[in-house]
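Source file my_file_25.cif; content: mmCIF, C-alpha atoms and all ligand atoms.
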```cif
data_work
#
loop_
_atom_site.label_atom_id
_atom_site.label_comp_id
_atom_site.auth_asym_id
_atom_site.auth_seq_id
_atom_site.Cartn_x
_atom_site.Cartn_y
_atom_site.Cartn_z
CA MET A 114 108.53 103.92 75.01
CA SER A 115 108.96 107.54 73.95
CA ASP A 116 111.10 108.47 70.95
CA THR A 117 113.22 111.02 72.79
CA PRO A 118 116.35 109.44 74.23
CA ILE A 119 116.26 109.28 78.02
CA ASP A 120 119.43 110.31 79.70
CA LEU A 121 119.52 108.00 82.73
CA GLU A 122 122.42 109.80 84.34
CA ALA A 123 120.69 113.18 84.08
CA LEU A 124 117.47 111.76 85.57
CA ARG A 125 119.37 110.28 88.51
CA GLN A 126 121.08 113.60 89.13
CA ARG A 127 117.67 115.23 89.18
CA ILE A 128 116.41 112.57 91.66
CA ASP A 129 119.46 113.17 93.89
CA ALA A 130 118.78 116.90 93.89
CA LEU A 131 115.08 116.34 94.67
CA ASP A 132 115.94 113.90 97.47
CA GLY A 133 118.16 116.59 98.96
CA ASP A 134 115.25 119.06 98.82
CA ILE A 135 112.82 116.52 100.30
CA LEU A 136 115.24 115.74 103.13
CA ARG A 137 115.73 119.42 103.90
CA LEU A 138 111.95 119.97 103.98
CA ILE A 139 111.29 116.90 106.14
CA SER A 140 113.97 118.07 108.60
CA GLU A 141 112.41 121.53 108.66
CA ARG A 142 109.01 119.93 109.33
CA ALA A 143 110.47 117.81 112.14
CA ASP A 144 112.00 120.95 113.62
CA CYS A 145 108.54 122.60 113.57
CA ALA A 146 107.05 119.56 115.36
CA GLN A 147 109.68 119.91 118.09
CA GLN A 148 108.69 123.55 118.52
CA VAL A 149 105.01 122.50 118.64
CA ALA A 150 105.95 120.16 121.50
CA GLN A 151 107.55 123.08 123.40
CA VAL A 152 104.47 125.25 122.90
CA LYS A 153 102.17 122.45 124.08
CA THR A 154 104.27 121.79 127.18
CA ALA A 155 104.43 125.50 128.01
CA GLU A 156 100.61 125.73 127.77
CA ASP A 157 100.03 122.63 129.87
CA PRO A 158 102.69 120.47 131.54
CA ASP A 159 100.29 117.47 131.30
CA THR A 160 99.60 118.06 127.61
CA VAL A 161 98.86 115.25 125.16
CA PHE A 162 101.14 115.27 122.15
CA TYR A 163 99.13 113.02 119.87
CA ARG A 164 96.31 115.01 118.23
CA PRO A 165 94.06 112.71 116.18
CA GLU A 166 91.93 115.54 114.75
CA ARG A 167 94.98 117.41 113.45
CA GLU A 168 96.48 114.25 111.94
CA ALA A 169 93.22 113.51 110.12
CA GLN A 170 93.15 117.09 108.77
CA VAL A 171 96.78 116.88 107.59
CA LEU A 172 96.13 113.61 105.74
CA ARG A 173 92.84 114.77 104.21
CA ARG A 174 94.47 117.98 102.99
CA ILE A 175 97.36 116.11 101.40
CA MET A 176 94.96 113.73 99.67
CA ALA A 177 92.95 116.67 98.33
CA LEU A 178 96.11 118.46 97.11
CA ASN A 179 97.54 115.40 95.38
CA LYS A 180 97.60 115.58 91.57
CA GLY A 181 99.36 112.24 90.93
CA PRO A 182 101.02 110.28 89.48
CA LEU A 183 101.05 108.54 92.90
CA ASP A 184 97.54 107.78 94.09
CA SER A 185 96.18 109.71 97.06
CA GLU A 186 96.23 106.76 99.47
CA GLU A 187 99.87 106.09 98.64
CA VAL A 188 100.78 109.72 99.23
CA ALA A 189 98.83 109.77 102.51
CA ARG A 190 100.70 106.66 103.65
CA LEU A 191 104.02 108.46 103.09
CA PHE A 192 102.83 111.47 105.06
CA ARG A 193 101.45 109.13 107.74
CA GLU A 194 105.04 107.92 108.29
CA ILE A 195 106.47 111.44 108.29
CA MET A 196 103.95 112.49 110.95
CA SER A 197 104.62 109.33 112.93
CA ALA A 198 108.34 110.19 113.00
CA CYS A 199 107.57 113.82 113.93
CA LEU A 200 105.30 112.70 116.78
CA ALA A 201 108.01 110.31 118.04
CA LEU A 202 110.33 113.34 118.30
CA GLU A 203 107.72 115.07 120.48
CA GLN A 204 107.01 111.93 122.52
CA PRO A 205 107.49 108.23 121.72
CA ILE A 206 103.94 106.81 121.68
CA LYS A 207 103.27 103.38 123.19
CA VAL A 208 100.34 101.44 121.76
CA ALA A 209 98.93 98.16 123.10
CA TYR A 210 97.13 95.93 120.60
CA LEU A 211 95.37 92.58 120.58
CA GLY A 212 98.30 90.26 119.87
CA PRO A 213 100.26 88.16 119.36
CA GLU A 214 102.67 89.77 116.92
CA GLY A 215 101.54 89.41 113.33
CA THR A 216 97.78 89.87 113.90
CA PHE A 217 95.57 92.12 111.81
CA THR A 218 95.21 94.31 114.89
CA GLN A 219 98.96 94.98 114.84
CA GLN A 220 98.64 95.84 111.15
CA ALA A 221 95.81 98.25 112.05
CA ALA A 222 97.91 99.83 114.84
CA LEU A 223 100.78 100.45 112.43
CA LYS A 224 98.44 101.75 109.74
CA HIS A 225 97.00 104.26 112.20
CA PHE A 226 100.06 105.35 114.20
CA GLY A 227 102.85 104.61 111.66
CA GLU A 228 106.04 102.65 112.17
CA SER A 229 107.57 105.05 114.72
CA ALA A 230 105.04 104.08 117.40
CA ILE A 231 106.10 101.40 119.87
CA SER A 232 103.50 98.63 119.57
CA LEU A 233 103.05 96.06 122.33
CA PRO A 234 101.06 92.80 121.92
CA MET A 235 98.46 91.86 124.59
CA ALA A 236 96.87 88.43 125.04
CA ALA A 237 93.24 89.61 125.22
CA ILE A 238 90.99 92.59 124.50
CA ASP A 239 90.39 93.34 128.20
CA GLU A 240 94.17 93.37 128.73
CA VAL A 241 94.46 96.11 126.09
CA PHE A 242 91.83 98.10 128.02
CA ARG A 243 93.63 97.48 131.34
CA GLU A 244 97.04 98.57 130.02
CA VAL A 245 95.60 101.85 128.73
CA GLU A 246 93.59 102.40 131.92
CA ALA A 247 96.68 101.81 134.06
CA GLY A 248 98.70 104.30 131.97
CA ALA A 249 101.27 101.64 131.03
CA VAL A 250 100.68 102.63 127.37
CA ASN A 251 99.24 105.77 125.75
CA TYR A 252 96.66 104.12 123.48
CA GLY A 253 95.13 100.77 122.65
CA VAL A 254 93.88 99.22 119.42
CA VAL A 255 91.03 96.67 119.44
CA PRO A 256 88.87 95.16 116.67
CA VAL A 257 85.19 96.12 116.86
CA GLU A 258 83.39 94.80 113.78
CA ASN A 259 83.96 92.81 110.65
CA SER A 260 82.00 93.40 107.45
CA THR A 261 81.35 89.66 106.99
CA GLU A 262 81.08 88.37 110.56
CA GLY A 263 79.64 91.34 112.45
CA VAL A 264 80.42 92.77 115.82
CA ILE A 265 83.19 91.72 118.23
CA ASN A 266 81.26 91.37 121.47
CA HIS A 267 84.30 91.35 123.78
CA THR A 268 85.16 94.88 122.70
CA LEU A 269 81.64 96.24 123.18
CA ASP A 270 81.36 94.57 126.59
CA SER A 271 84.72 96.00 127.68
CA PHE A 272 83.39 99.52 127.08
CA MET A 273 80.55 98.95 129.54
CA ASP A 274 82.95 98.77 132.49
CA SER A 275 85.57 101.21 131.24
CA GLY A 276 86.00 104.96 131.48
CA LEU A 277 88.20 105.03 128.37
CA ARG A 278 87.28 107.09 125.31
CA ILE A 279 87.35 106.25 121.65
CA CYS A 280 89.96 108.54 120.02
CA GLY A 281 89.88 107.16 116.49
CA GLU A 282 88.98 104.39 114.10
CA VAL A 283 90.85 102.54 111.41
CA VAL A 284 89.42 100.26 108.76
CA LEU A 285 91.58 97.50 107.30
CA ARG A 286 90.85 95.43 104.20
CA ILE A 287 91.31 91.86 105.38
CA HIS A 288 92.95 89.47 102.94
CA HIS A 289 93.35 85.89 104.09
CA HIS A 290 95.82 83.47 102.54
CA LEU A 291 96.30 79.74 102.89
CA LEU A 292 99.85 79.54 104.21
CA VAL A 293 102.29 76.65 104.41
CA GLY A 294 105.76 76.17 105.86
CA GLU A 295 108.92 74.86 104.19
CA THR A 296 108.28 71.32 105.42
CA THR A 297 104.57 71.18 104.53
CA ARG A 298 103.64 68.47 101.98
CA GLN A 299 101.37 70.68 99.89
CA ASP A 300 99.36 67.76 98.47
CA LYS A 301 98.82 66.29 101.96
CA VAL A 302 97.26 69.18 103.88
CA SER A 303 94.85 67.48 106.30
CA ARG A 304 94.62 70.12 109.02
CA ILE A 305 94.05 73.87 108.83
CA TYR A 306 94.57 76.24 111.75
CA SER A 307 92.97 79.66 112.10
CA HIS A 308 90.95 82.01 114.26
CA PRO A 309 87.20 81.16 114.29
CA GLN A 310 86.38 84.55 112.67
CA SER A 311 88.76 83.82 109.79
CA PHE A 312 87.27 80.35 109.28
CA ALA A 313 83.87 82.02 109.07
CA GLN A 314 85.15 84.57 106.53
CA CYS A 315 86.60 81.81 104.29
CA ARG A 316 83.92 79.14 104.81
CA LYS A 317 82.79 78.77 101.19
CA TRP A 318 86.32 78.68 99.84
CA LEU A 319 87.30 75.98 102.35
CA ASP A 320 84.19 73.91 101.57
CA ALA A 321 85.07 74.04 97.88
CA HIS A 322 88.82 73.44 98.12
CA TYR A 323 89.52 71.59 101.39
CA PRO A 324 86.24 69.90 102.38
CA GLN A 325 88.05 67.01 104.10
CA ALA A 326 90.66 68.99 106.07
CA GLU A 327 90.18 69.25 109.82
CA ARG A 328 89.57 72.91 110.82
CA VAL A 329 91.29 73.63 114.12
CA PRO A 330 90.32 76.94 115.77
CA VAL A 331 93.12 78.75 117.63
CA SER A 332 93.33 82.06 119.50
CA SER A 333 94.69 84.15 116.60
CA ASN A 334 95.81 83.96 112.97
CA ALA A 335 99.36 84.61 114.06
CA GLU A 336 99.19 81.62 116.41
CA ALA A 337 97.92 79.52 113.48
CA ALA A 338 100.91 80.64 111.40
CA ARG A 339 103.30 79.79 114.24
CA LEU A 340 101.87 76.26 114.55
CA VAL A 341 102.19 75.26 110.88
CA LYS A 342 105.86 76.08 110.80
CA THR A 343 106.68 72.73 112.36
CA GLU A 344 103.89 70.48 111.01
CA TRP A 345 104.31 68.84 107.58
CA HIS A 346 100.58 68.17 106.99
CA SER A 347 99.15 71.50 108.23
CA ALA A 348 98.31 74.89 106.75
CA ALA A 349 97.16 78.17 108.32
CA ILE A 350 94.75 80.86 107.28
CA ALA A 351 96.31 84.21 108.12
CA GLY A 352 97.34 87.54 106.65
CA ASP A 353 100.49 89.07 105.24
CA MET A 354 102.03 90.13 108.55
CA ALA A 355 101.83 86.63 110.03
CA ALA A 356 103.15 85.09 106.78
CA LYS A 357 106.15 87.40 106.85
CA LEU A 358 106.78 86.96 110.57
CA TYR A 359 106.90 83.14 110.33
CA GLY A 360 108.42 82.88 106.83
CA LEU A 361 105.43 81.02 105.32
CA THR A 362 104.48 80.86 101.64
CA ARG A 363 101.02 81.35 100.12
CA LEU A 364 99.45 78.20 98.73
CA ALA A 365 96.37 80.25 97.82
CA GLU A 366 95.87 84.02 98.00
CA LYS A 367 92.89 86.16 99.00
CA ILE A 368 90.64 83.24 99.92
CA GLU A 369 88.06 85.36 101.82
CA ASP A 370 84.54 84.71 100.51
CA ARG A 371 83.75 88.40 100.15
CA PRO A 372 86.20 90.61 98.26
CA ASP A 373 85.24 93.66 100.36
CA ASN A 374 85.97 91.84 103.64
CA SER A 375 87.20 94.48 106.09
CA THR A 376 87.53 94.98 109.82
CA ARG A 377 87.07 98.17 111.79
CA PHE A 378 89.33 98.83 114.75
CA LEU A 379 89.02 101.43 117.50
CA ILE A 380 91.74 103.52 119.08
CA ILE A 381 91.13 103.83 122.82
CA GLY A 382 92.70 106.37 125.14
CA HIS A 383 92.01 109.00 127.78
CA GLN A 384 91.42 112.14 125.72
CA ASP A 385 88.37 113.88 124.29
CA VAL A 386 89.22 114.61 120.67
CA PRO A 387 88.14 118.00 119.22
CA MET A 388 86.31 118.28 115.88
CA SER A 389 88.24 117.42 112.73
CA GLY A 390 85.47 118.36 110.29
CA GLU A 391 84.48 114.77 109.41
CA ASP A 392 83.71 112.96 112.63
CA LYS A 393 81.76 110.13 114.16
CA THR A 394 80.37 109.66 117.66
CA SER A 395 79.84 106.41 119.56
CA ILE A 396 77.45 106.13 122.49
CA VAL A 397 76.06 103.36 124.67
CA VAL A 398 72.47 103.73 125.90
CA ALA A 399 70.44 101.77 128.46
CA MET A 400 66.70 102.13 127.89
CA ARG A 401 63.94 101.43 130.39
CA ASN A 402 62.27 98.14 129.57
CA GLN A 403 58.95 99.42 128.17
CA PRO A 404 57.00 99.26 124.91
CA GLY A 405 58.29 101.60 122.22
CA ALA A 406 61.65 102.13 123.94
CA LEU A 407 63.68 101.54 120.77
CA HIS A 408 61.44 103.84 118.75
CA ASP A 409 61.80 106.57 121.40
CA LEU A 410 65.56 106.20 121.21
CA LEU A 411 65.79 106.38 117.43
CA GLU A 412 63.22 109.11 116.79
CA PRO A 413 65.44 112.14 117.67
CA PHE A 414 68.16 110.89 115.28
CA HIS A 415 65.63 110.71 112.49
CA ARG A 416 64.16 114.13 113.28
CA HIS A 417 67.56 115.85 113.39
CA GLN A 418 68.63 113.93 110.25
CA ILE A 419 71.62 112.39 111.87
CA ASP A 420 73.17 109.56 109.90
CA MET A 421 73.36 106.47 112.09
CA THR A 422 76.12 104.13 110.90
CA ARG A 423 75.65 101.26 113.37
CA LEU A 424 73.23 100.00 116.00
CA GLU A 425 74.10 96.95 118.13
CA THR A 426 72.21 95.42 121.02
CA ARG A 427 74.00 93.73 123.93
CA PRO A 428 72.60 92.20 127.11
CA SER A 429 73.01 94.61 130.00
CA ARG A 430 75.03 93.60 133.07
CA SER A 431 72.28 94.88 135.35
CA GLY A 432 69.87 91.96 135.17
CA ALA A 433 68.38 89.33 132.90
CA TRP A 434 66.57 90.48 129.73
CA ASN A 435 67.74 94.08 129.94
CA TYR A 436 69.57 95.42 126.94
CA VAL A 437 71.89 98.25 126.06
CA PHE A 438 72.33 99.78 122.62
CA PHE A 439 75.65 100.73 121.04
CA ILE A 440 75.11 103.47 118.48
CA ASP A 441 77.55 105.08 116.04
CA PHE A 442 76.52 108.13 114.09
CA LYS A 443 78.09 110.83 111.95
CA GLY A 444 78.89 114.13 113.64
CA HIS A 445 80.82 115.43 116.66
CA ARG A 446 79.41 115.92 120.15
CA ASP A 447 80.37 119.64 120.01
CA GLU A 448 78.17 120.24 116.94
CA PRO A 449 74.91 121.90 118.04
CA ARG A 450 72.58 119.41 116.32
CA VAL A 451 74.50 116.46 117.80
CA ALA A 452 74.45 118.08 121.24
CA ALA A 453 70.65 118.56 120.84
CA VAL A 454 70.11 114.89 119.98
CA LEU A 455 72.28 113.75 122.88
CA GLU A 456 70.25 115.95 125.22
CA GLU A 457 66.96 114.44 124.00
CA VAL A 458 68.29 110.90 124.23
CA ARG A 459 69.43 111.60 127.80
CA LEU A 460 65.85 112.58 128.72
CA ARG A 461 64.43 109.35 127.29
CA ALA A 462 67.08 106.84 128.40
CA ALA A 463 67.91 105.30 131.77
CA GLU A 464 71.60 105.94 131.08
CA VAL A 465 73.73 107.37 128.27
CA LYS A 466 77.50 107.19 128.00
CA VAL A 467 79.34 109.01 125.21
CA LEU A 468 82.26 106.76 124.32
CA GLY A 469 83.83 109.44 122.15
CA SER A 470 83.71 111.69 119.11
CA TYR A 471 86.59 111.04 116.74
CA PRO A 472 87.72 111.57 113.13
CA ILE A 473 86.25 109.18 110.55
CA GLY A 474 89.13 106.90 109.47
CA VAL A 475 91.14 108.57 106.68
CA LEU A 476 93.25 105.71 105.36
O1 LIG A 501 100.08 119.79 115.19
C1 LIG A 501 100.47 119.21 116.20
O2 LIG A 501 99.88 119.27 117.28
C2 LIG A 501 101.69 118.38 116.13
O3 LIG A 501 102.12 117.88 117.14
C3 LIG A 501 102.34 118.11 114.81
C4 LIG A 501 101.91 116.77 114.21
C5 LIG A 501 102.47 116.72 112.76
O4 LIG A 501 103.53 116.12 112.58
O5 LIG A 501 101.86 117.29 111.89
C6 LIG A 501 102.47 115.65 115.01
C7 LIG A 501 101.73 114.99 115.95
C8 LIG A 501 100.32 115.28 116.21
O6 LIG A 501 99.62 114.11 116.48
C9 LIG A 501 99.71 116.05 115.13
C10 LIG A 501 100.45 116.68 114.18
#
```
Write the structure described by the file as structure tokens, please.
Ligand SMILES: O=C(O)C(=O)C[C@]1(C(=O)O)C=C[C@@H](O)C=C1
Amino acid sequence: MSDTPIDLEALRQRIDALDGDILRLISERADCAQQVAQVKTAEDPDTVFYRPEREAQVLRRIMALNKGPLDSEEVARLFREIMSACLALEQPIKVAYLGPEGTFTQQAALKHFGESAISLPMAAIDEVFREVEAGAVNYGVVPVENSTEGVINHTLDSFMDSGLRICGEVVLRIHHHLLVGETTRQDKVSRIYSHPQSFAQCRKWLDAHYPQAERVPVSSNAEAARLVKTEWHSAAIAGDMAAKLYGLTRLAEKIEDRPDNSTRFLIIGHQDVPMSGEDKTSIVVAMRNQPGALHDLLEPFHRHQIDMTRLETRPSRSGAWNYVFFIDFKGHRDEPRVAAVLEEVRLRAAEVKVLGSYPIGVL
């Protein structure tokens, strides 16, 4: 505590005055966004209002400008919500996500688009793709890889048949909790519900603490949370959103085996996103089945010093024992050295599809 007396009333008056200034500035900003919408519509009646590259630049700039005392992520989250509200004034954005309500994918959708987006739960990954393809929603959010458990094959396979583009990515730290309902006898937990991926991410903790409990896999963590609400001898492994949605309490917190457990989600849509300055590109490549094919594919990336962040192999749909490669690398397709690599890969591959260039996740 400082020695100088703090005049609480004076500080609150100062806060009131600042809040008035902040409100005036936010309203002025919202007014600007409405004018942006008019300019966009005048340029192109079929314009897209959501501009991922600009949003990434706004957030990165704010984080760079921030001098504290709030930390940069906290400040960016506040601006994320301001932009979300501004975008909703231009056009309310509808986002489909892998549901049900309360899943980590919903949390990722809100983290990326903010609370002003309208988020709609879908029962399966291919349904998210279909809703976006059909134009029933503007964007979709699907999980693609987990740092502990690896790739989500359904998502990669859905890209093979889809013309949709990747417009963004969002990475979420995944914290799992052991959750119980009001009626659960905490000393009698004999059954635990969760999604198979979550069981895998908490395997060691469960072996140590609940070796005897039956592990019942269900379609999502949110579904697990819903089930325990009515069962006195059951618990669920799920995250904060599901706990809040179903009014469950945490018997144990952060039970994931790896403290850095995180999941990467992709934003899918119809647009090609321009450069933001810090971008990533995702491609899928089918190689001819011949010796050295993988080396031929990777060599141009090495020569042009392009930083590959992921390489996954999936069986191709076009016949037994043929494979396709999903590759993520740093850079945007409009950058000359990226364009050069893509050109070389096209010459060596049977087929190349660019799934999208998009800003590296900011938050
Ligand atoms: O700059 C734009 O294109 C805007 O529409 C403004 C704005 C913003 O609030 O800053 C809002 C929505 C877009 O996704 C990007 C940025």
Quiz prompt | Distance query 9 Å from (80.5, 95.2, 108.7) using only C-alpha atoms, result as a ChimeraX atom specification | solution = /A:258-264,374-377
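Of the residues listed (A:Pro387, A:Arg316, A:His346, A:Val257), A:Pro387 shows the shortest atom-to-atom separation from ligand LIG 501 (chain A); distances use all atoms listed in the file.
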Quiz item: Nearest to Leu361 in chain A among A:Asp159, A:Glu391, A:Glu240, A:Glu295, with distances taken over only C-alpha atoms: which residue is it?
Solution: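 Under the stated criterion, the closest residue is A:Glu295.
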Quiz item: How many Å lie between CA of Gly444 in chain A and CA of Asp392 in chain A, rounded to one decimal?
Solution: 5.1 Å
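In this comparison, which uses all atoms listed in the file, the residue of A:Lys180, A:His383, A:Lys367, A:Lys153 approaching Ile287 in chain A most closely is A:Lys367.
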Quiz item: Taking all atoms listed in the file into account, which residues are within 9 Å of ligand LIG 501 (chain A), as number ranges by chain?
Solution: A: 142-143, 145-150, 153, 161-169, 171, 192-193, 195-204
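Coordinates place CA of Gly352 in chain A at a distance of 11.5 Å from CA of Leu285 in chain A.
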Quiz item: Taking only C-alpha atoms into account, which of A:Gln314, A:Lys466, A:Ile380, A:Phe272 comes nearest Thr218 in chain A?
Solution: A:Ile380
Quiz item: Taking all atoms listed in the file into account, which of A:Thr296, A:Gly390, A:Glu369, A:Pro309 comes nearest Glu344 in chain A?
Solution: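 So, comparing all the options, the nearest one is A:Thr296.
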